Each structure stands twice: as structure tokens, then as C-alpha cells.
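Enquirer: What follows is work.tsv, made up of TSV, C-alpha atoms:
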```tsv
chain	number	residue	atom	x	y	z
A	896	MET	CA	99.23	92.48	115.25
A	897	THR	CA	98.24	93.92	111.88
A	898	ASP	CA	95.27	96.25	111.35
A	899	LEU	CA	92.49	94.13	109.87
A	900	ALA	CA	91.18	96.94	107.69
A	901	PHE	CA	94.65	98.06	106.61
A	902	THR	CA	96.34	96.08	103.86
A	903	LEU	CA	99.03	97.51	101.61
A	904	PRO	CA	100.72	95.69	98.74
A	905	SER	CA	104.08	94.07	99.42
A	906	ILE	CA	106.95	96.42	98.48
A	907	PRO	CA	110.47	95.22	97.57
A	908	PHE	CA	113.25	96.99	99.49
A	909	ASP	CA	114.53	98.72	96.32
A	910	LYS	CA	111.12	100.07	95.28
A	911	ARG	CA	108.52	102.47	96.60
A	912	ILE	CA	104.87	102.65	95.54
A	913	ILE	CA	102.44	105.50	95.10
A	914	PRO	CA	98.91	105.78	93.62
A	915	ASN	CA	98.75	106.87	90.00
A	916	GLU	CA	96.37	109.68	90.91
A	917	MET	CA	99.12	111.30	92.96
A	918	VAL	CA	102.04	111.05	90.54
A	919	ARG	CA	99.95	112.07	87.54
A	920	SER	CA	99.10	115.39	89.12
A	921	ALA	CA	100.50	118.57	90.65
A	922	LEU	CA	99.78	117.39	94.21
A	923	PHE	CA	103.53	117.23	94.89
A	924	THR	CA	104.94	120.14	92.91
A	925	ILE	CA	108.48	120.71	91.65
A	926	GLY	CA	108.99	123.87	93.71
A	927	ASN	CA	112.22	124.49	95.62
A	928	HIS	CA	111.81	123.03	99.11
A	929	ASN	CA	113.58	126.06	100.61
A	930	ALA	CA	111.16	128.60	99.09
A	931	SER	CA	108.08	129.80	100.96
A	932	ARG	CA	104.97	127.69	100.43
A	933	PRO	CA	101.50	129.14	99.89
A	934	PHE	CA	98.49	127.83	101.80
A	935	LEU	CA	95.95	126.36	99.40
A	936	LYS	CA	92.25	126.13	100.25
A	937	ASN	CA	90.10	123.59	98.41
A	938	ILE	CA	92.16	124.09	95.26
A	939	LYS	CA	91.52	121.89	92.24
A	940	VAL	CA	94.89	120.34	91.48
A	941	SER	CA	95.92	119.85	87.86
A	942	SER	CA	95.55	116.12	87.22
A	943	PHE	CA	95.66	113.57	84.44
A	944	ARG	CA	92.56	112.35	82.59
A	945	SER	CA	90.11	110.44	84.81
A	946	SER	CA	91.00	111.88	88.23
A	947	GLU	CA	89.85	115.01	90.02
A	948	ILE	CA	91.84	116.19	93.02
A	949	ARG	CA	91.06	118.93	95.53
A	950	TYR	CA	93.58	119.91	98.16
A	951	THR	CA	93.64	122.07	101.28
A	952	GLY	CA	96.90	122.73	103.10
A	953	GLU	CA	100.40	124.10	102.65
A	954	GLU	CA	101.80	123.39	99.19
A	955	LEU	CA	103.42	119.96	98.97
A	956	ARG	CA	106.62	119.40	97.02
A	957	GLN	CA	108.88	116.56	95.95
A	958	ASP	CA	110.59	116.34	99.35
A	959	ASP	CA	107.17	115.66	100.88
A	960	GLU	CA	106.62	112.93	98.30
A	961	ASP	CA	109.94	111.39	99.39
A	962	VAL	CA	108.70	111.31	102.98
A	963	TRP	CA	105.30	109.91	101.93
A	964	LEU	CA	106.92	107.14	99.87
A	965	GLN	CA	109.08	106.10	102.82
A	966	LEU	CA	106.12	106.15	105.23
A	967	ILE	CA	104.08	103.88	102.95
A	968	TYR	CA	107.05	101.53	102.60
A	969	LEU	CA	107.44	101.25	106.38
A	970	ALA	CA	103.69	100.78	106.86
A	971	SER	CA	103.70	97.97	104.31
A	972	GLN	CA	106.31	96.08	106.32
A	973	THR	CA	104.06	95.80	109.37
A	974	GLN	CA	100.62	96.28	107.74
A	975	LYS	CA	99.72	98.75	110.50
A	976	THR	CA	98.50	102.33	110.47
A	977	GLU	CA	101.03	103.16	113.16
A	978	VAL	CA	104.58	103.60	111.86
A	979	ASN	CA	107.55	103.64	114.25
A	980	PHE	CA	111.05	104.65	113.20
A	981	LYS	CA	114.30	106.20	114.30
A	982	PRO	CA	114.54	109.63	112.65
A	983	TYR	CA	118.14	109.27	111.53
A	984	SER	CA	117.48	105.84	110.00
A	985	PHE	CA	114.53	107.36	108.16
A	986	LEU	CA	116.74	110.17	106.84
A	987	SER	CA	119.40	107.68	105.76
A	988	ASP	CA	116.86	105.60	103.83
A	989	MET	CA	115.81	108.73	101.94
A	990	GLY	CA	119.37	109.78	101.16
A	991	TRP	CA	119.20	112.83	103.44
A	992	ALA	CA	122.11	113.77	105.68
A	993	GLN	CA	121.82	112.57	109.29
A	994	ARG	CA	121.98	116.03	110.80
A	995	THR	CA	119.66	118.06	113.00
A	996	GLN	CA	118.64	120.39	110.16
A	997	TYR	CA	117.39	117.44	108.13
A	998	ARG	CA	115.55	116.02	111.11
A	999	ASP	CA	113.84	119.41	111.41
A	1000	ARG	CA	113.04	119.26	107.68
A	1001	LEU	CA	111.46	115.84	108.20
A	1002	LYS	CA	109.36	117.16	111.07
A	1003	ALA	CA	108.26	120.13	108.96
A	1004	SER	CA	107.15	117.76	106.19
A	1005	LEU	CA	105.17	115.60	108.61
A	1006	THR	CA	103.56	118.75	110.03
A	1007	ARG	CA	102.48	119.82	106.55
A	1008	MET	CA	101.02	116.44	105.68
A	1009	SER	CA	99.15	116.15	108.98
A	1010	ALA	CA	97.38	119.45	108.30
A	1011	THR	CA	95.94	118.53	104.92
A	1012	SER	CA	92.61	117.65	103.38
A	1013	LEU	CA	92.85	115.64	100.19
A	1014	GLU	CA	89.90	114.64	98.00
A	1015	ILE	CA	90.47	112.31	95.05
A	1016	TYR	CA	87.65	111.31	92.73
A	1017	ASN	CA	88.15	108.81	89.92
A	1018	HIS	CA	85.59	109.37	87.15
A	1019	GLN	CA	86.32	106.03	85.50
A	1020	PHE	CA	85.38	104.08	88.63
A	1021	GLU	CA	82.84	106.67	89.86
A	1022	LYS	CA	84.35	106.64	93.32
A	1023	GLY	CA	86.08	109.14	95.54
A	1024	ILE	CA	87.95	109.32	98.82
A	1025	ALA	CA	88.84	112.14	101.24
A	1026	PHE	CA	91.54	111.93	103.92
A	1027	SER	CA	94.62	113.55	105.42
A	1028	LEU	CA	98.02	112.28	104.26
A	1029	VAL	CA	99.17	111.88	107.87
A	1030	ARG	CA	96.63	111.44	110.67
A	1031	LYS	CA	98.96	112.51	113.49
A	1032	PHE	CA	102.53	112.03	114.68
A	1033	GLU	CA	104.75	112.16	117.76
A	1034	TRP	CA	108.39	113.11	117.83
A	1035	TYR	CA	111.09	113.35	120.44
A	1036	SER	CA	113.96	115.82	120.49
A	1037	ASP	CA	116.10	113.72	122.85
A	1038	ASP	CA	116.94	110.51	121.01
A	1039	LYS	CA	118.76	109.14	124.04
A	1040	LYS	CA	115.49	108.87	125.98
A	1041	LEU	CA	113.05	107.92	123.23
A	1042	SER	CA	114.66	107.00	119.95
A	1043	HIS	CA	111.50	106.37	117.97
A	1044	TRP	CA	109.04	108.68	116.32
A	1045	ARG	CA	105.47	107.52	115.71
A	1046	ILE	CA	103.23	108.38	112.78
A	1047	TRP	CA	99.62	107.30	112.28
A	1048	LEU	CA	98.22	106.99	108.77
A	1049	GLU	CA	94.55	107.13	107.85
A	1050	PRO	CA	93.15	103.62	107.18
A	1051	GLU	CA	91.05	105.03	104.31
A	1052	MET	CA	94.26	105.86	102.45
A	1053	VAL	CA	94.64	102.18	101.56
A	1054	LYS	CA	91.67	102.48	99.19
A	1055	LEU	CA	93.96	104.33	96.80
A	1056	TYR	CA	95.88	101.08	96.41
A	1057	SER	CA	92.84	98.84	96.09
A	1058	GLU	CA	89.27	100.02	95.60
A	1059	LEU	CA	89.95	103.30	93.77
A	1060	GLY	CA	91.04	101.91	90.43
A	1061	LYS	CA	93.53	99.40	91.86
A	1062	MET	CA	96.37	101.21	90.12
A	1063	TYR	CA	99.61	102.32	91.67
A	1064	THR	CA	103.13	102.92	90.47
A	1065	LYS	CA	106.37	101.19	91.38
A	1066	VAL	CA	109.26	103.65	91.65
A	1067	GLN	CA	112.95	102.72	91.51
A	1068	TRP	CA	114.03	104.18	94.85
A	1069	GLU	CA	117.78	104.49	94.32
A	1070	GLN	CA	117.23	106.27	91.00
A	1071	ARG	CA	114.77	108.72	92.54
A	1072	LYS	CA	117.14	109.68	95.37
A	1073	LYS	CA	119.71	110.92	92.82
A	1074	LEU	CA	117.31	113.30	91.06
A	1075	GLY	CA	116.31	116.95	91.32
A	1076	PRO	CA	112.67	118.09	91.71
A	1077	LEU	CA	111.51	118.10	88.08
A	1078	ALA	CA	113.45	114.91	87.27
A	1079	LYS	CA	111.80	113.23	90.28
A	1080	TRP	CA	108.35	114.27	89.10
A	1081	LEU	CA	109.05	113.02	85.57
A	1082	HIS	CA	110.50	109.79	86.95
A	1083	SER	CA	107.28	109.01	88.86
A	1084	PHE	CA	105.01	110.25	86.07
A	1085	TYR	CA	106.61	108.16	83.34
A	1086	SER	CA	106.89	105.16	85.67
A	1087	SER	CA	103.08	105.20	85.88
A	1088	HIS	CA	102.61	104.60	82.14
A	1089	ALA	CA	103.06	101.28	80.37
A	1090	GLU	CA	103.86	103.21	77.18
A	1091	PRO	CA	104.73	106.92	77.60
A	1092	ASP	CA	102.65	109.01	75.21
A	1093	PRO	CA	103.87	112.34	73.79
A	1094	ILE	CA	102.76	115.17	76.03
A	1095	HIS	CA	102.62	118.89	75.31
A	1096	LEU	CA	105.01	121.06	77.30
A	1097	MET	CA	102.21	123.35	78.52
A	1098	ARG	CA	100.39	120.31	79.88
A	1099	LEU	CA	103.61	119.09	81.48
A	1100	MET	CA	104.13	122.45	83.13
A	1101	SER	CA	100.63	122.35	84.60
A	1102	LEU	CA	100.78	118.74	85.82
A	1103	SER	CA	104.17	119.21	87.49
A	1104	GLY	CA	103.07	122.35	89.30
A	1105	SER	CA	105.73	124.44	87.61
A	1106	LYS	CA	105.57	128.19	88.30
A	1107	THR	CA	107.31	128.88	84.99
A	1108	LYS	CA	105.11	131.06	82.79
A	1109	SER	CA	106.33	130.16	79.33
A	1110	ILE	CA	107.61	127.20	77.32
A	1111	LYS	CA	110.69	129.24	76.45
A	1112	HIS	CA	111.78	129.37	80.09
A	1113	PHE	CA	110.59	125.85	80.92
A	1114	LYS	CA	112.55	124.10	78.16
A	1115	PRO	CA	116.08	124.52	79.61
A	1116	ILE	CA	114.87	123.31	83.02
A	1117	LEU	CA	113.22	120.34	81.32
A	1118	ARG	CA	116.32	119.49	79.30
A	1119	ASN	CA	118.44	119.38	82.45
A	1120	ALA	CA	115.89	117.09	84.14
A	1121	LEU	CA	115.83	114.77	81.13
A	1122	LYS	CA	119.64	114.55	81.23
A	1123	GLU	CA	119.41	113.49	84.88
A	1124	LEU	CA	116.99	110.72	83.91
A	1125	MET	CA	119.34	109.52	81.17
A	1126	ILE	CA	122.31	109.50	83.54
A	1127	VAL	CA	120.53	107.25	86.09
A	1128	GLY	CA	119.45	104.90	83.28
A	1129	PHE	CA	115.72	105.60	83.37
A	1130	LEU	CA	115.46	107.12	79.88
A	1131	THR	CA	117.30	106.29	76.70
A	1132	GLN	CA	118.97	108.93	74.53
A	1133	ASP	CA	115.96	108.81	72.21
A	1134	VAL	CA	114.28	111.90	73.72
A	1135	PHE	CA	113.14	114.97	71.80
A	1136	ILE	CA	110.68	117.86	71.67
A	1137	ASP	CA	108.87	118.05	68.33
A	1138	GLU	CA	107.80	121.15	66.37
A	1139	GLN	CA	104.46	121.31	68.17
A	1140	TYR	CA	106.20	121.30	71.57
A	1141	TYR	CA	105.33	117.72	72.44
A	1142	LEU	CA	107.86	115.83	74.54
A	1143	VAL	CA	108.61	112.31	73.31
A	1144	VAL	CA	110.59	109.94	75.53
A	1145	THR	CA	111.62	106.28	75.55
A	1146	ARG	CA	112.24	104.42	78.78
A	1147	SER	CA	115.13	102.01	79.11
A	1148	LYS	CA	114.37	98.29	79.10
A	1149	GLU	CA	115.18	98.09	82.82
A	1150	ALA	CA	112.61	100.79	83.60
A	1151	TYR	CA	109.92	99.44	81.29
A	1152	LYS	CA	107.41	97.65	83.52
A	1153	GLN	CA	106.46	99.99	86.34
A	1154	VAL	CA	102.65	99.95	86.62
A	1155	ILE	CA	101.18	97.38	88.98
A	1156	HIS	CA	97.55	96.23	88.98
A	1157	GLY	CA	96.32	95.54	92.50
```
Could you render the structure from this file as C-alpha cells?

Expert:
Amino acid sequence: MTDLAFTLPSIPFDKRIIPNEMVRSALFTIGNHNASRPFLKNIKVSSFRSSEIRYTGEELRQDDEDVWLQLIYLASQTQKTEVNFKPYSFLSDMGWAQRTQYRDRLKASLTRMSATSLEIYNHQFEKGIAFSLVRKFEWYSDDKKLSHWRIWLEPEMVKLYSELGKMYTKVQWEQRKKLGPLAKWLHSFYSSHAEPDPIHLMRLMSLSGSKTKSIKHFKPILRNALKELMIVGFLTQDVFIDEQYYLVVTRSKEAYKQVIHG
């Protein structure tokens, strides 16, 4: 039986969806997943235009976004707040190795997201929502006895896909799995725009949660990420940084229509 108050959009098997407010912000940063993560308390997250985000919890990164995307996909299949899965199947779907260390990494990500407080306010629609990314979860270390893990999502989270602006982004899943942290962030960010506008590198650094202090040091990292996006076919070769340090990109025809209106 589906949850009556819980309705997610239908998601094709080769796509994942995420609210624009999330991918147009530094909620999921581009930090190295192996590096230590600071605990943030009611921090205003750098965000794009009409949204204001405040976050409490351990810093989230692109690997956490991978987990979140897969959770939402699984929840959409059953239209229930409770998500059941086999850990190694989950890892396989994300492109992670099916080994104990990656299962532990998945558990660590779920732990982080279950100990969060997220507030998102959309000025355009004069509406806000506060919730935890993961309500609670259960896991089992002996897969021979109990092969499934269970995660519960907050029902209020669905409002991000409906009432709060009705805007979310469709992400090409196979492309994303081949990318590094900054390329993943750019992939989601540019997928959320019908027509990518030029954006200043300082603004890009802030929105992506980069810890780099200067454009000089950010540019080589950015260039490598842009090459990744060209290789997977998301961007064309028509990419450049102008004299005022604005990044100008062109998406490929296949990647053109990514924004969905609920």
C-alpha cells in the first residue's frame, strides 16, 4: 500500500531527480569524501537566487547526494516513505564497489543524513519547509539473516517536488556516476537550467562549496571538471572563461531538456 500523503514523480530507470533548491546550492559540497567533515550549526548555505537554505549537521558532499538520489528513486517506485533494499544492490546501482568498506561508507552517509536539520525557504513562492533528509534507518551486518536495510524518509520532503515551486531536476544517472565531485556538482547545476547563463567563477566557487580561496587555484580544478563533462557528452567543446572570469558553457543536444515542471 502506498502512503496517501506521499507522492513522488515517476522516475525513468536511467534518470534521478532532485529539487532545484538543492542542486543550485552548496548543500552537497565538492569536498573530498575521505577528508574530515566539519559540523555545521544553523549555517546559511550559499544558494541561487530565490532560495534560502539553513543547515545543521555534518557537512554533506557529493557522495551523500548520490545516496540521496538513489533513495528518492527507490521511494518513487513504491510511493512509500519506507525504503527497503539490499545494501550490495544499492551500491551496485550507484556504481560503488560491492565490498564491506563501501557498505560502511553507505551507512556513514545514512547516519549523516539522519542527523540533519534542513530549512529551505523559497522567496518567489513565499513558502518554506524544514525536515531531516533521512528520518531513521535500520541496517544489518549479517546479510545471510536479514538481507534488507530499511530507511524512512520524511513525508514533508515531498513538498520540495510539488508545493515548493514545483521545480526539480532530471539527472542523467549513468553520466553522473562517471564524474568526480566538481563535475558532478556542475552536471546537476547545469541540468537545472533550461538555458545555462554565464556565471562568475567566484559565485561558482561559493555555490559549489569549494574551499579554494582564489580563482587562480580554482581554474585548473574547474578545467578538469569541464573536460569530464565533455567526455561523457554533457557539454560541447564550446566552453570558455571570458576576461571577466565568467564561465560560459553549452550543453549538448542530448542533455538539453533537463528541468521538469511538476

Enquirer: Please list as a ChimeraX atom specification every residue within 6 Å of region 953-966 of chain A, counting only C-alpha atoms and excluding residues in the same chain fewer than 4 positions away.

Expert: /A:911,923-925,932-935,1004,1076

Enquirer: What gap, in Å, lies between CA of Lys910 (chain A) and CA of Val1066 (chain A)?

Expert: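 Computing the Euclidean distance for CA of Lys910 (chain A) and CA of Val1066 (chain A) yields 5.4 Å.
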
Enquirer: Could you check which of A:Gln1067, A:Ser945, A:Asn927, A:Thr1145 is closest to Asn915 (chain A), using only C-alpha atoms?

Expert: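 Of A:Gln1067, A:Ser945, A:Asn927, A:Thr1145, the one nearest Asn915 (chain A), counting only C-alpha atoms, is A:Ser945.
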
Enquirer: Counting all atoms listed in the file, write as a short mmCIF file (atom, residue, chain, number, x, y, z; two decimals) with C-alpha atoms, in the frame of the given file all protein and nucleic acid residues lying at most 12 Å from (109.7, 126.1, 81.3) in the file's frame.

Expert:
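Saved result, part-v3.cif, follows:
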```cif
data_model
loop_
_atom_site.label_atom_id
_atom_site.label_comp_id
_atom_site.auth_asym_id
_atom_site.auth_seq_id
_atom_site.Cartn_x
_atom_site.Cartn_y
_atom_site.Cartn_z
CA ILE A 925 108.48 120.71 91.65
CA LEU A 1077 111.51 118.10 88.08
CA HIS A 1095 102.62 118.89 75.31
CA LEU A 1096 105.01 121.06 77.30
CA MET A 1097 102.21 123.35 78.52
CA ARG A 1098 100.39 120.31 79.88
CA LEU A 1099 103.61 119.09 81.48
CA MET A 1100 104.13 122.45 83.13
CA SER A 1101 100.63 122.35 84.60
CA SER A 1103 104.17 119.21 87.49
CA GLY A 1104 103.07 122.35 89.30
CA SER A 1105 105.73 124.44 87.61
CA LYS A 1106 105.57 128.19 88.30
CA THR A 1107 107.31 128.88 84.99
CA LYS A 1108 105.11 131.06 82.79
CA SER A 1109 106.33 130.16 79.33
CA ILE A 1110 107.61 127.20 77.32
CA LYS A 1111 110.69 129.24 76.45
CA HIS A 1112 111.78 129.37 80.09
CA PHE A 1113 110.59 125.85 80.92
CA LYS A 1114 112.55 124.10 78.16
CA PRO A 1115 116.08 124.52 79.61
CA ILE A 1116 114.87 123.31 83.02
CA LEU A 1117 113.22 120.34 81.32
CA ARG A 1118 116.32 119.49 79.30
CA ASN A 1119 118.44 119.38 82.45
CA ALA A 1120 115.89 117.09 84.14
CA TYR A 1140 106.20 121.30 71.57
#
```

Enquirer: Given the choices A:Ile1126, A:Ile1024, A:Val1029, A:Ala970, which gets closest to Glu916 (chain A) if the distance is worked out from only C-alpha atoms?

Expert: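 That would be A:Ile1024, the residue with the smallest distance to Glu916 (chain A).
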
Enquirer: CA of Thr951 (chain A) and CA of Leu1013 (chain A) are how many Å apart?

Expert: 6.6 Å

Enquirer: Suppose you want the space between CA of Asn979 (chain A) and CA of Ile1046 (chain A); what is it in Å?

Expert: 6.6 Å

Enquirer: Please determine, counting all atoms listed in the file, which residue among A:Trp991, A:Phe1026, A:Tyr1035, A:Tyr1056 has the shortest atom-to-atom distance to Ala1010 (chain A).

Expert: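 Residue with the minimum atom-to-atom distance to Ala1010 (chain A): A:Phe1026.
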
Enquirer: Between A:Lys1065, A:Lys975, A:His1043, A:Lys1072, single out the one closest to Ser987 (chain A), counting only C-alpha atoms.

Expert: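 Looking only at the distances to Ser987 (chain A), the closest residue turns out to be A:Lys1072.
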
Enquirer: Can you tell me which residues surround Pro1050 (chain A) at a distance of at most 12 Å, considering all atoms listed in the file, apart from same-chain residues fewer than 2 positions away, and format the answer as a VMD selection string?

Expert: chain A and resid 897 to 903 967 970 974 to 977 1024 to 1030 1047 to 1048 1052 to 1056

Enquirer: Find the residue from A:Ser1057, A:Lys939, A:Ser1042, A:Trp1080 that sits nearest to Ser1012 (chain A); use only C-alpha atoms when measuring.

Expert: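 Ranked by minimum distance to Ser1012 (chain A), first place goes to A:Lys939.
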